[in-house]
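Coordinates from start.pdb are shown below (PDB, C-alpha atoms and all ligand atoms).
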```
ATOM      1  CA  MET A   1      98.058  89.312  81.646  1.00  0.00           C
ATOM      2  CA  THR A   2      97.884  90.793  78.120  1.00  0.00           C
ATOM      3  CA  ASP A   3      94.518  89.027  77.715  1.00  0.00           C
ATOM      4  CA  GLN A   4      93.367  90.634  80.943  1.00  0.00           C
ATOM      5  CA  ILE A   5      94.078  94.200  79.794  1.00  0.00           C
ATOM      6  CA  SER A   6      90.696  95.741  79.225  1.00  0.00           C
ATOM      7  CA  ASN A   7      90.303  97.858  76.168  1.00  0.00           C
ATOM      8  CA  THR A   8      88.200 101.016  76.229  1.00  0.00           C
ATOM      9  CA  GLU A   9      87.222 102.642  72.975  1.00  0.00           C
ATOM     10  CA  LEU A  10      89.362 105.604  71.933  1.00  0.00           C
ATOM     11  CA  GLN A  11      87.724 108.634  70.368  1.00  0.00           C
ATOM     12  CA  PRO A  12      88.751 108.685  66.660  1.00  0.00           C
ATOM     13  CA  HIS A  13      90.878 111.855  67.024  1.00  0.00           C
ATOM     14  CA  LEU A  14      93.038 110.104  69.661  1.00  0.00           C
ATOM     15  CA  GLN A  15      94.052 107.187  67.474  1.00  0.00           C
ATOM     16  CA  SER A  16      96.980 109.130  66.021  1.00  0.00           C
ATOM     17  CA  HIS A  17      98.225 110.040  69.546  1.00  0.00           C
ATOM     18  CA  SER A  18      97.956 106.397  70.549  1.00  0.00           C
ATOM     19  CA  ASN A  19      99.941 105.385  67.435  1.00  0.00           C
ATOM     20  CA  LEU A  20     102.559 108.034  68.220  1.00  0.00           C
ATOM     21  CA  MET A  21     102.978 106.764  71.799  1.00  0.00           C
ATOM     22  CA  ASP A  22     103.359 103.202  70.451  1.00  0.00           C
ATOM     23  CA  LYS A  23     106.027 104.437  68.038  1.00  0.00           C
ATOM     24  CA  VAL A  24     107.918 106.303  70.805  1.00  0.00           C
ATOM     25  CA  TYR A  25     107.845 103.324  73.159  1.00  0.00           C
ATOM     26  CA  ARG A  26     108.001 100.279  70.820  1.00  0.00           C
ATOM     27  CA  ASN A  27     111.746  99.899  71.482  1.00  0.00           C
ATOM     28  CA  GLN A  28     112.204 102.357  74.355  1.00  0.00           C
ATOM     29  CA  ARG A  29     110.057 100.209  76.653  1.00  0.00           C
ATOM     30  CA  PHE A  30     112.887  97.667  76.903  1.00  0.00           C
ATOM     31  CA  ILE A  31     115.271 100.228  78.403  1.00  0.00           C
ATOM     32  CA  TYR A  32     112.642 102.493  79.977  1.00  0.00           C
ATOM     33  CA  ASN A  33     112.952 101.541  83.659  1.00  0.00           C
ATOM     34  CA  ALA A  34     116.754 101.377  83.575  1.00  0.00           C
ATOM     35  CA  SER A  35     117.180 104.745  81.818  1.00  0.00           C
ATOM     36  CA  ARG A  36     114.320 106.801  83.301  1.00  0.00           C
ATOM     37  CA  LYS A  37     115.413 106.262  86.888  1.00  0.00           C
ATOM     38  CA  TYR A  38     118.106 108.885  86.214  1.00  0.00           C
ATOM     39  CA  TYR A  39     115.779 111.641  85.044  1.00  0.00           C
ATOM     40  CA  LEU A  40     112.161 111.010  86.056  1.00  0.00           C
ATOM     41  CA  LEU A  41     112.932 112.328  89.526  1.00  0.00           C
ATOM     42  CA  GLY A  42     110.256 112.500  92.206  1.00  0.00           C
ATOM     43  CA  ARG A  43     108.292 109.344  91.433  1.00  0.00           C
ATOM     44  CA  ASP A  44     109.295 107.583  94.677  1.00  0.00           C
ATOM     45  CA  GLN A  45     108.454 110.681  96.711  1.00  0.00           C
ATOM     46  CA  LEU A  46     104.978 110.723  95.138  1.00  0.00           C
ATOM     47  CA  ILE A  47     104.476 107.049  96.051  1.00  0.00           C
ATOM     48  CA  LYS A  48     105.723 107.671  99.601  1.00  0.00           C
ATOM     49  CA  GLU A  49     103.168 110.441 100.084  1.00  0.00           C
ATOM     50  CA  LEU A  50     100.201 108.683  98.436  1.00  0.00           C
ATOM     51  CA  SER A  51      99.148 107.088 101.755  1.00  0.00           C
ATOM     52  CA  PRO A  52      95.902 105.521 100.554  1.00  0.00           C
ATOM     53  CA  PRO A  53      93.453 104.495 103.294  1.00  0.00           C
ATOM     54  CA  PRO A  54      93.410 100.838 104.395  1.00  0.00           C
ATOM     55  CA  ARG A  55      92.157  98.631 101.545  1.00  0.00           C
ATOM     56  CA  GLY A  56      92.027 101.769  99.399  1.00  0.00           C
ATOM     57  CA  THR A  57      91.891 102.047  95.624  1.00  0.00           C
ATOM     58  CA  VAL A  58      94.615 103.757  93.585  1.00  0.00           C
ATOM     59  CA  LEU A  59      94.528 104.652  89.876  1.00  0.00           C
ATOM     60  CA  GLU A  60      97.479 105.790  87.735  1.00  0.00           C
ATOM     61  CA  LEU A  61      96.697 107.727  84.558  1.00  0.00           C
ATOM     62  CA  GLY A  62      99.488 107.085  82.021  1.00  0.00           C
ATOM     63  CA  ALA A  63     100.893 104.047  83.836  1.00  0.00           C
ATOM     64  CA  GLY A  64     103.649 103.238  81.310  1.00  0.00           C
ATOM     65  CA  THR A  65     105.686 100.141  82.153  1.00  0.00           C
ATOM     66  CA  GLY A  66     103.832  99.644  85.442  1.00  0.00           C
ATOM     67  CA  ARG A  67     106.915 100.594  87.443  1.00  0.00           C
ATOM     68  CA  ASN A  68     105.008 102.963  89.745  1.00  0.00           C
ATOM     69  CA  LEU A  69     102.072 100.590  90.225  1.00  0.00           C
ATOM     70  CA  ILE A  70     104.420  97.783  91.278  1.00  0.00           C
ATOM     71  CA  CYS A  71     106.292 100.083  93.715  1.00  0.00           C
ATOM     72  CA  THR A  72     102.943 101.271  95.108  1.00  0.00           C
ATOM     73  CA  ALA A  73     101.727  97.672  95.540  1.00  0.00           C
ATOM     74  CA  LYS A  74     104.925  96.860  97.454  1.00  0.00           C
ATOM     75  CA  THR A  75     104.590  99.970  99.641  1.00  0.00           C
ATOM     76  CA  TYR A  76     100.885  99.610 100.504  1.00  0.00           C
ATOM     77  CA  ASP A  77     100.195  95.911 100.754  1.00  0.00           C
ATOM     78  CA  ASP A  78      96.422  95.996 101.046  1.00  0.00           C
ATOM     79  CA  CYS A  79      95.421  98.481  98.354  1.00  0.00           C
ATOM     80  CA  GLU A  80      93.922  97.596  94.973  1.00  0.00           C
ATOM     81  CA  LEU A  81      95.646  99.205  92.008  1.00  0.00           C
ATOM     82  CA  TYR A  82      94.537 100.242  88.547  1.00  0.00           C
ATOM     83  CA  GLY A  83      96.483 101.646  85.615  1.00  0.00           C
ATOM     84  CA  VAL A  84      95.498 103.074  82.260  1.00  0.00           C
ATOM     85  CA  ASP A  85      97.710 103.893  79.289  1.00  0.00           C
ATOM     86  CA  ILE A  86      97.070 104.821  75.678  1.00  0.00           C
ATOM     87  CA  SER A  87     100.049 102.786  74.406  1.00  0.00           C
ATOM     88  CA  GLN A  88      99.487  99.094  73.784  1.00  0.00           C
ATOM     89  CA  GLU A  89     103.284  98.682  73.608  1.00  0.00           C
ATOM     90  CA  MET A  90     103.774 100.069  77.133  1.00  0.00           C
ATOM     91  CA  LEU A  91     100.905  97.939  78.403  1.00  0.00           C
ATOM     92  CA  LYS A  92     102.595  94.791  77.050  1.00  0.00           C
ATOM     93  CA  THR A  93     105.642  95.524  79.219  1.00  0.00           C
ATOM     94  CA  ALA A  94     103.486  96.539  82.205  1.00  0.00           C
ATOM     95  CA  GLY A  95     101.463  93.314  81.972  1.00  0.00           C
ATOM     96  CA  LYS A  96     104.582  91.128  81.922  1.00  0.00           C
ATOM     97  CA  SER A  97     106.274  93.027  84.777  1.00  0.00           C
ATOM     98  CA  ILE A  98     103.175  92.818  86.959  1.00  0.00           C
ATOM     99  CA  VAL A  99     102.952  89.043  86.510  1.00  0.00           C
ATOM    100  CA  LYS A 100     106.700  88.725  87.175  1.00  0.00           C
ATOM    101  CA  ALA A 101     106.287  90.707  90.401  1.00  0.00           C
ATOM    102  CA  GLY A 102     103.334  88.493  91.403  1.00  0.00           C
ATOM    103  CA  PHE A 103     100.796  91.309  91.557  1.00  0.00           C
ATOM    104  CA  GLU A 104      98.404  90.228  88.798  1.00  0.00           C
ATOM    105  CA  ASN A 105      95.580  89.819  91.307  1.00  0.00           C
ATOM    106  CA  ARG A 106      95.987  93.336  92.734  1.00  0.00           C
ATOM    107  CA  ILE A 107      97.017  95.441  89.725  1.00  0.00           C
ATOM    108  CA  HIS A 108      94.555  95.844  86.877  1.00  0.00           C
ATOM    109  CA  LEU A 109      95.353  97.431  83.510  1.00  0.00           C
ATOM    110  CA  ALA A 110      93.330  99.026  80.754  1.00  0.00           C
ATOM    111  CA  LYS A 111      94.087 100.632  77.436  1.00  0.00           C
ATOM    112  CA  GLY A 112      92.424 104.029  77.377  1.00  0.00           C
ATOM    113  CA  ASP A 113      92.786 107.766  77.257  1.00  0.00           C
ATOM    114  CA  ALA A 114      93.591 109.727  80.408  1.00  0.00           C
ATOM    115  CA  THR A 115      91.624 112.744  79.180  1.00  0.00           C
ATOM    116  CA  ASN A 116      88.369 110.825  78.948  1.00  0.00           C
ATOM    117  CA  PHE A 117      88.575 107.571  80.873  1.00  0.00           C
ATOM    118  CA  ASN A 118      85.556 105.462  81.737  1.00  0.00           C
ATOM    119  CA  ALA A 119      86.887 103.527  84.741  1.00  0.00           C
ATOM    120  CA  GLU A 120      83.524 101.992  85.503  1.00  0.00           C
ATOM    121  CA  LYS A 121      83.470 100.368  82.074  1.00  0.00           C
ATOM    122  CA  ALA A 122      87.131  99.302  82.214  1.00  0.00           C
ATOM    123  CA  PHE A 123      87.384  98.186  85.834  1.00  0.00           C
ATOM    124  CA  GLY A 124      83.903  98.286  87.326  1.00  0.00           C
ATOM    125  CA  VAL A 125      85.119 101.034  89.695  1.00  0.00           C
ATOM    126  CA  LYS A 126      83.769 104.555  89.367  1.00  0.00           C
ATOM    127  CA  GLU A 127      85.890 106.519  91.880  1.00  0.00           C
ATOM    128  CA  PHE A 128      89.239 105.979  93.562  1.00  0.00           C
ATOM    129  CA  ASP A 129      90.796 107.035  96.881  1.00  0.00           C
ATOM    130  CA  ARG A 130      93.923 108.202  95.076  1.00  0.00           C
ATOM    131  CA  VAL A 131      94.519 109.109  91.445  1.00  0.00           C
ATOM    132  CA  PHE A 132      98.059 109.877  90.349  1.00  0.00           C
ATOM    133  CA  ILE A 133      99.763 111.149  87.201  1.00  0.00           C
ATOM    134  CA  SER A 134     103.520 110.738  86.965  1.00  0.00           C
ATOM    135  CA  PHE A 135     105.445 112.398  84.101  1.00  0.00           C
ATOM    136  CA  SER A 136     102.501 111.839  81.752  1.00  0.00           C
ATOM    137  CA  LEU A 137     100.872 115.273  81.723  1.00  0.00           C
ATOM    138  CA  SER A 138     103.826 116.582  79.713  1.00  0.00           C
ATOM    139  CA  MET A 139     103.079 113.977  77.023  1.00  0.00           C
ATOM    140  CA  ILE A 140      99.359 114.659  76.765  1.00  0.00           C
ATOM    141  CA  PRO A 141      98.466 117.476  74.351  1.00  0.00           C
ATOM    142  CA  GLU A 142      95.119 118.123  76.069  1.00  0.00           C
ATOM    143  CA  TRP A 143      96.601 117.760  79.555  1.00  0.00           C
ATOM    144  CA  GLN A 144      94.019 120.068  81.169  1.00  0.00           C
ATOM    145  CA  MET A 145      91.406 117.465  80.244  1.00  0.00           C
ATOM    146  CA  ALA A 146      93.456 114.791  82.022  1.00  0.00           C
ATOM    147  CA  ILE A 147      93.344 116.939  85.165  1.00  0.00           C
ATOM    148  CA  ALA A 148      89.584 117.408  84.765  1.00  0.00           C
ATOM    149  CA  SER A 149      89.230 113.645  84.300  1.00  0.00           C
ATOM    150  CA  SER A 150      91.298 112.991  87.453  1.00  0.00           C
ATOM    151  CA  TYR A 151      88.875 115.163  89.468  1.00  0.00           C
ATOM    152  CA  GLU A 152      85.962 113.097  88.161  1.00  0.00           C
ATOM    153  CA  LEU A 153      87.745 109.839  89.013  1.00  0.00           C
ATOM    154  CA  THR A 154      88.614 110.790  92.613  1.00  0.00           C
ATOM    155  CA  ARG A 155      86.080 110.111  95.338  1.00  0.00           C
ATOM    156  CA  PRO A 156      85.002 112.957  97.666  1.00  0.00           C
ATOM    157  CA  GLY A 157      87.706 113.303 100.338  1.00  0.00           C
ATOM    158  CA  GLY A 158      90.255 111.601  98.064  1.00  0.00           C
ATOM    159  CA  GLN A 159      93.455 113.024  96.582  1.00  0.00           C
ATOM    160  CA  ILE A 160      95.120 113.552  93.224  1.00  0.00           C
ATOM    161  CA  HIS A 161      98.935 113.375  93.198  1.00  0.00           C
ATOM    162  CA  ILE A 162     100.993 114.729  90.320  1.00  0.00           C
ATOM    163  CA  VAL A 163     104.701 114.746  89.532  1.00  0.00           C
ATOM    164  CA  ASP A 164     106.169 116.207  86.361  1.00  0.00           C
ATOM    165  CA  PHE A 165     108.988 118.336  85.008  1.00  0.00           C
ATOM    166  CA  GLY A 166     109.424 121.796  86.512  1.00  0.00           C
ATOM    167  CA  GLU A 167     110.892 124.830  84.823  1.00  0.00           C
ATOM    168  CA  CYS A 168     114.410 124.361  86.313  1.00  0.00           C
ATOM    169  CA  LYS A 169     114.454 127.994  87.440  1.00  0.00           C
ATOM    170  CA  GLN A 170     117.356 127.411  89.816  1.00  0.00           C
ATOM    171  CA  TYR A 171     119.521 126.001  87.012  1.00  0.00           C
ATOM    172  CA  PRO A 172     121.447 127.849  84.310  1.00  0.00           C
ATOM    173  CA  LYS A 173     119.161 128.791  81.394  1.00  0.00           C
ATOM    174  CA  MET A 174     121.199 126.576  79.057  1.00  0.00           C
ATOM    175  CA  PHE A 175     120.393 123.524  81.204  1.00  0.00           C
ATOM    176  CA  GLN A 176     116.645 124.043  80.722  1.00  0.00           C
ATOM    177  CA  LYS A 177     117.123 124.673  76.999  1.00  0.00           C
ATOM    178  CA  LEU A 178     119.110 121.475  76.462  1.00  0.00           C
ATOM    179  CA  LEU A 179     116.838 119.381  78.677  1.00  0.00           C
ATOM    180  CA  TYR A 180     113.665 120.578  76.920  1.00  0.00           C
ATOM    181  CA  ALA A 181     115.230 120.030  73.468  1.00  0.00           C
ATOM    182  CA  TRP A 182     116.221 116.502  74.422  1.00  0.00           C
ATOM    183  CA  LEU A 183     112.795 115.717  75.935  1.00  0.00           C
ATOM    184  CA  SER A 184     111.054 116.933  72.783  1.00  0.00           C
ATOM    185  CA  ILE A 185     112.728 114.068  70.872  1.00  0.00           C
ATOM    186  CA  PHE A 186     110.437 111.802  72.925  1.00  0.00           C
ATOM    187  CA  HIS A 187     107.426 114.124  72.441  1.00  0.00           C
ATOM    188  CA  VAL A 188     107.658 115.303  76.054  1.00  0.00           C
ATOM    189  CA  HIS A 189     106.804 118.992  76.470  1.00  0.00           C
ATOM    190  CA  PRO A 190     107.126 120.331  80.038  1.00  0.00           C
ATOM    191  CA  ILE A 191     104.199 122.598  80.877  1.00  0.00           C
ATOM    192  CA  ARG A 192     104.821 126.305  81.450  1.00  0.00           C
ATOM    193  CA  ASN A 193     103.636 127.570  84.841  1.00  0.00           C
ATOM    194  CA  LEU A 194     102.129 124.226  85.832  1.00  0.00           C
ATOM    195  CA  PRO A 195     101.845 125.273  89.527  1.00  0.00           C
ATOM    196  CA  GLY A 196      99.818 128.371  88.594  1.00  0.00           C
ATOM    197  CA  GLN A 197      97.587 126.424  86.225  1.00  0.00           C
ATOM    198  CA  LEU A 198      97.001 123.646  88.775  1.00  0.00           C
ATOM    199  CA  LYS A 199      96.126 126.187  91.456  1.00  0.00           C
ATOM    200  CA  GLU A 200      93.657 127.924  89.170  1.00  0.00           C
ATOM    201  CA  ALA A 201      91.971 124.604  88.265  1.00  0.00           C
ATOM    202  CA  ALA A 202      91.866 123.527  91.934  1.00  0.00           C
ATOM    203  CA  ASN A 203      90.295 126.834  93.010  1.00  0.00           C
ATOM    204  CA  LYS A 204      87.594 126.469  90.366  1.00  0.00           C
ATOM    205  CA  ALA A 205      86.871 122.935  91.585  1.00  0.00           C
ATOM    206  CA  ASN A 206      86.835 124.081  95.231  1.00  0.00           C
ATOM    207  CA  CYS A 207      89.825 121.848  96.033  1.00  0.00           C
ATOM    208  CA  LYS A 208      92.917 122.555  98.104  1.00  0.00           C
ATOM    209  CA  VAL A 209      96.252 122.183  96.336  1.00  0.00           C
ATOM    210  CA  THR A 210      99.855 122.147  97.526  1.00  0.00           C
ATOM    211  CA  VAL A 211     102.652 122.383  94.982  1.00  0.00           C
ATOM    212  CA  LYS A 212     106.317 121.992  95.829  1.00  0.00           C
ATOM    213  CA  PRO A 213     109.435 122.075  93.708  1.00  0.00           C
ATOM    214  CA  LEU A 214     111.718 119.026  93.896  1.00  0.00           C
ATOM    215  CA  TYR A 215     115.436 118.920  93.104  1.00  0.00           C
ATOM    216  CA  GLY A 216     115.698 122.698  92.834  1.00  0.00           C
ATOM    217  CA  GLY A 217     112.701 122.938  90.500  1.00  0.00           C
ATOM    218  CA  TYR A 218     113.808 120.172  88.118  1.00  0.00           C
ATOM    219  CA  SER A 219     110.524 118.420  88.999  1.00  0.00           C
ATOM    220  CA  LEU A 220     107.405 119.506  90.796  1.00  0.00           C
ATOM    221  CA  GLN A 221     104.981 117.635  92.970  1.00  0.00           C
ATOM    222  CA  ALA A 222     101.357 118.584  93.550  1.00  0.00           C
ATOM    223  CA  ILE A 223      98.729 117.161  95.877  1.00  0.00           C
ATOM    224  CA  ILE A 224      95.126 118.132  95.309  1.00  0.00           C
ATOM    225  CA  GLN A 225      92.627 117.428  98.064  1.00  0.00           C
ATOM    226  CA  LYS A 226      89.017 116.938  97.053  1.00  0.00           C
ATOM    227  CA  PRO A 227      86.461 118.091  99.640  1.00  0.00           C
ATOM    228  CA  ARG A 228      84.203 115.481 101.311  1.00  0.00           C
TER     229      ARG A 228
HETATM  230  C1  LIG B   1     106.853 109.379  80.353  1.00  0.00           C
HETATM  231  S1  LIG B   1     105.736 108.044  80.422  1.00  0.00           S
HETATM  232  C2  LIG B   1     105.415 107.951  82.186  1.00  0.00           C
HETATM  233  C3  LIG B   1     105.085 106.548  82.615  1.00  0.00           C
HETATM  234  C4  LIG B   1     104.934 106.367  84.129  1.00  0.00           C
HETATM  235  N1  LIG B   1     103.850 107.146  84.617  1.00  0.00           N
HETATM  236  C5  LIG B   1     106.215 106.712  84.859  1.00  0.00           C
HETATM  237  O1  LIG B   1     106.195 107.591  85.723  1.00  0.00           O
HETATM  238  O2  LIG B   1     107.225 106.046  84.602  1.00  0.00           O
HETATM  239  C6  LIG B   1     104.232 108.735  79.820  1.00  0.00           C
HETATM  240  C7  LIG B   1     103.151 107.675  79.587  1.00  0.00           C
HETATM  241  O3  LIG B   1     101.914 108.372  79.314  1.00  0.00           O
HETATM  242  C8  LIG B   1     101.234 107.632  78.314  1.00  0.00           C
HETATM  243  N2  LIG B   1     100.237 108.525  77.695  1.00  0.00           N
HETATM  244  C9  LIG B   1     100.466 109.567  76.850  1.00  0.00           C
HETATM  245  N3  LIG B   1      99.306 110.142  76.495  1.00  0.00           N
HETATM  246  C10 LIG B   1      98.310 109.462  77.143  1.00  0.00           C
HETATM  247  C11 LIG B   1      96.896 109.567  77.200  1.00  0.00           C
HETATM  248  N4  LIG B   1      96.244 110.528  76.515  1.00  0.00           N
HETATM  249  N5  LIG B   1      96.197 108.688  77.950  1.00  0.00           N
HETATM  250  C12 LIG B   1      96.843 107.708  78.642  1.00  0.00           C
HETATM  251  N6  LIG B   1      98.173 107.549  78.638  1.00  0.00           N
HETATM  252  C13 LIG B   1      98.912 108.415  77.901  1.00  0.00           C
HETATM  253  C14 LIG B   1     102.336 107.155  77.388  1.00  0.00           C
HETATM  254  O4  LIG B   1     101.919 106.098  76.565  1.00  0.00           O
HETATM  255  C15 LIG B   1     103.416 106.770  78.405  1.00  0.00           C
HETATM  256  O5  LIG B   1     103.286 105.438  78.784  1.00  0.00           O
END
```
Could you take the file, read its structure, and then write that structure out as C-alpha cells?
Ligand SMILES: C[S@@+](CC[C@H](N)C(=O)[O-])C[C@H]1O[C@@H](n2cnc3c(N)ncnc32)[C@H](O)[C@@H]1O
Amino acid sequence: MTDQISNTELQPHLQSHSNLMDKVYRNQRFIYNASRKYYLLGRDQLIKELSPPPRGTVLELGAGTGRNLICTAKTYDDCELYGVDISQEMLKTAGKSIVKAGFENRIHLAKGDATNFNAEKAFGVKEFDRVFISFSLSMIPEWQMAIASSYELTRPGGQIHIVDFGECKQYPKMFQKLLYAWLSIFHVHPIRNLPGQLKEAANKANCKVTVKPLYGGYSLQAIIQKPR
C-alpha cells in the first residue's frame, strides 16, 4: 500500500509543516486510534450523516491513520474513498490499516496539502460527492484555505462535512483552558468562532450551512451544501 500512496508536490513553505506533523505523529500514530477515541468526539456522527449517493465518491482532507475512511467504507459499501494527509508517518499507518481491513481496492491515499490539493493529479478525480475534514482544521495554520479547497473539490450539489473542537461554552472556563493547553502540546489550536467563520465563508460561496454543537459544545459539526 505504501507504494500505492501517490505523492503530490508540496509548496516549499509547507515542507516545515509537513516535517512538524511527522514529528508529532512519528510515535503517536501507534497509540492514535486507541487514545483519540476518548477525545475526538463526533467523528462517528459525521460518518453517519455523510450519506453519499450510491456509488458516490468521498474525500477526507487530513485523513490521519485512515480510521475514518475505514469506518466510512464499512458504513457505505459501494462508495469509493480517497484520503490525503501531509504526514508521511500517518500515511504509513493508514496504508497498513487499510490493507489489514481489506479495503485497498476502495480506499486511495495521497500525500499532499489540504489547503492546495490537486486531486485530479493524485487520484484522477476532480470533484467528489462528499468532502470531509475531521479534527484537522485545528492543526492547519491556513485553515481558511483548506475550506476554500474543499469547496473546489466538491461537485455541484455535493456536501462538505466538518467536525472539530468547539469552544466548550457550556463547561467551566477552567476546563476549556486546560483542554486547549493540553491540545497545544500536539500543535492543535481550536478555532475561535468557527461557526461564524464557516457561515460567512458559506454565504460568500452561495452555499447553505448548518452548524450544530455536539457534547455541549465540546465539538461542533457543520454541513455545507453546495448548490447544483
Ligand atoms: C488530529 S489528526 C485527525 C486525523 C483524522 N482526520 C481523524 O479524525 O482521526 C490531524 C491530521 O491532519 C493532518 N494535517 C495537518 N495539516 C495538514 C495539511 N495542511 N494538509 C493535509 N493534512 C494535514 C495531520 O498530519 C494529521 O494526520
Contacts with ligand LIG 1 (chain B) at most 8 Å, all atoms listed in the file counted, listed as a count of residues only: 45
Evaluate the PyMOL selection byres (((chain A and resi 100-102) around 12) and not hetatm) and report residues as a PyMOL selection string: chain A and resi 1+66-67+69-71+73-74+93-99+103-107
Explicit residue set for the PyMOL selection byres (((chain A and resi 176-179) around 12) and not hetatm), as a VMD selection string: chain A and resid 39 165 to 175 180 to 186 188 to 190 217 to 219
Residues selected by the PyMOL selection byres (((chain A and resi 223) around 8) and not hetatm), written as a ChimeraX atom specification: /A:159-162,209-211,221-222,224-225
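In this comparison, which uses all atoms listed in the file, the residue of A:Gly157, A:His108, A:Ala148, A:Leu214 approaching Ala202 (chain A) most closely is A:Ala148.
Interatomic distance, CA of Pro52 (chain A) to CA of Glu127 (chain A): 13.3 Å.
For the pair CA of Ala34 (chain A) and CA of Leu81 (chain A), the interatomic distance is 22.8 Å.
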Residue nearest Leu109 (chain A) among A:Ala201, A:Ser16, A:Ser6, A:Pro213 (counting only C-alpha atoms): A:Ser6
Option closest in space to Gln45 (chain A), from A:Asp164, A:Gly196, A:Asn27, A:Thr8 [counting all atoms listed in the file]: A:Asp164
Between CA of Leu46 (chain A) and CA of Asn203 (chain A), distance in Å (one decimal):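 Straight-line distance from CA of Leu46 (chain A) to CA of Asn203 (chain A) works out to 21.9 Å.
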Residue neighbourhood Ala119 (chain A), 10 Å, all atoms listed in the file, exclusion window fewer than 3 positions, as a list in words: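 The contact residues come out as Thr8, Leu59, Tyr82, Gly83, Val84, Ala110, Gly112, Asn116, Ala122, Phe123, Gly124, Val125, Lys126, Glu127, Phe128 and Leu153 of chain A.
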Centre and edge lengths, as JSON, for the axis-aligned box enclosing every listed atom of region 221-228 of chain A with 4 Å of padding on each of the six sides, in Å to one decimal?
```
{"center_x": 94.6, "center_y": 117.0, "center_z": 97.1, "size_x": 28.8, "size_y": 11.1, "size_z": 16.3}
```
Take region 52-70 of chain A from the preceding structure and save N, CA and C atoms as a PDB file, in the first residue's frame.
```
ATOM      1  N   PRO A  52     -23.364   9.458   1.329  1.00  0.00           N
ATOM      2  CA  PRO A  52     -23.033   9.714  -0.083  1.00  0.00           C
ATOM      3  C   PRO A  52     -24.052   9.025  -0.994  1.00  0.00           C
ATOM      4  N   PRO A  53     -24.218   9.512  -2.216  1.00  0.00           N
ATOM      5  CA  PRO A  53     -25.149   8.834  -3.134  1.00  0.00           C
ATOM      6  C   PRO A  53     -24.614   7.452  -3.515  1.00  0.00           C
ATOM      7  N   PRO A  54     -25.459   6.587  -4.066  1.00  0.00           N
ATOM      8  CA  PRO A  54     -24.986   5.260  -4.469  1.00  0.00           C
ATOM      9  C   PRO A  54     -23.763   5.373  -5.381  1.00  0.00           C
ATOM     10  N   ARG A  55     -22.792   4.561  -5.131  1.00  0.00           N
ATOM     11  CA  ARG A  55     -21.508   4.545  -5.866  1.00  0.00           C
ATOM     12  C   ARG A  55     -20.833   5.921  -5.864  1.00  0.00           C
ATOM     13  N   GLY A  56     -21.048   6.664  -4.775  1.00  0.00           N
ATOM     14  CA  GLY A  56     -20.505   8.020  -4.684  1.00  0.00           C
ATOM     15  C   GLY A  56     -19.019   8.038  -4.364  1.00  0.00           C
ATOM     16  N   THR A  57     -18.455   9.235  -4.429  1.00  0.00           N
ATOM     17  CA  THR A  57     -17.029   9.414  -4.123  1.00  0.00           C
ATOM     18  C   THR A  57     -16.897  10.298  -2.880  1.00  0.00           C
ATOM     19  N   VAL A  58     -15.984   9.903  -1.993  1.00  0.00           N
ATOM     20  CA  VAL A  58     -15.812  10.607  -0.717  1.00  0.00           C
ATOM     21  C   VAL A  58     -14.324  10.887  -0.515  1.00  0.00           C
ATOM     22  N   LEU A  59     -14.006  12.134  -0.182  1.00  0.00           N
ATOM     23  CA  LEU A  59     -12.603  12.516   0.068  1.00  0.00           C
ATOM     24  C   LEU A  59     -12.459  13.039   1.493  1.00  0.00           C
ATOM     25  N   GLU A  60     -11.436  12.558   2.224  1.00  0.00           N
ATOM     26  CA  GLU A  60     -11.115  13.151   3.528  1.00  0.00           C
ATOM     27  C   GLU A  60      -9.823  13.962   3.417  1.00  0.00           C
ATOM     28  N   LEU A  61      -9.899  15.216   3.844  1.00  0.00           N
ATOM     29  CA  LEU A  61      -8.712  16.074   3.895  1.00  0.00           C
ATOM     30  C   LEU A  61      -8.120  15.957   5.297  1.00  0.00           C
ATOM     31  N   GLY A  62      -6.876  15.512   5.409  1.00  0.00           N
ATOM     32  CA  GLY A  62      -6.258  15.287   6.723  1.00  0.00           C
ATOM     33  C   GLY A  62      -6.717  13.948   7.271  1.00  0.00           C
ATOM     34  N   ALA A  63      -6.441  12.876   6.524  1.00  0.00           N
ATOM     35  CA  ALA A  63      -7.050  11.564   6.821  1.00  0.00           C
ATOM     36  C   ALA A  63      -6.379  10.813   7.971  1.00  0.00           C
ATOM     37  N   GLY A  64      -5.207  11.251   8.398  1.00  0.00           N
ATOM     38  CA  GLY A  64      -4.550  10.636   9.564  1.00  0.00           C
ATOM     39  C   GLY A  64      -4.303   9.154   9.392  1.00  0.00           C
ATOM     40  N   THR A  65      -4.703   8.378  10.400  1.00  0.00           N
ATOM     41  CA  THR A  65      -4.438   6.928  10.393  1.00  0.00           C
ATOM     42  C   THR A  65      -5.406   6.142   9.501  1.00  0.00           C
ATOM     43  N   GLY A  66      -6.315   6.833   8.852  1.00  0.00           N
ATOM     44  CA  GLY A  66      -7.278   6.159   7.975  1.00  0.00           C
ATOM     45  C   GLY A  66      -8.482   5.617   8.719  1.00  0.00           C
ATOM     46  N   ARG A  67      -8.548   5.894  10.008  1.00  0.00           N
ATOM     47  CA  ARG A  67      -9.643   5.373  10.840  1.00  0.00           C
ATOM     48  C   ARG A  67     -11.012   5.761  10.272  1.00  0.00           C
ATOM     49  N   ASN A  68     -11.178   7.021   9.907  1.00  0.00           N
ATOM     50  CA  ASN A  68     -12.488   7.470   9.406  1.00  0.00           C
ATOM     51  C   ASN A  68     -12.803   6.864   8.036  1.00  0.00           C
ATOM     52  N   LEU A  69     -11.772   6.758   7.196  1.00  0.00           N
ATOM     53  CA  LEU A  69     -12.005   6.211   5.848  1.00  0.00           C
ATOM     54  C   LEU A  69     -12.457   4.757   5.951  1.00  0.00           C
ATOM     55  N   ILE A  70     -11.833   4.009   6.866  1.00  0.00           N
ATOM     56  CA  ILE A  70     -12.204   2.595   7.024  1.00  0.00           C
ATOM     57  C   ILE A  70     -13.638   2.483   7.562  1.00  0.00           C
TER      58      ILE A  70
END
```
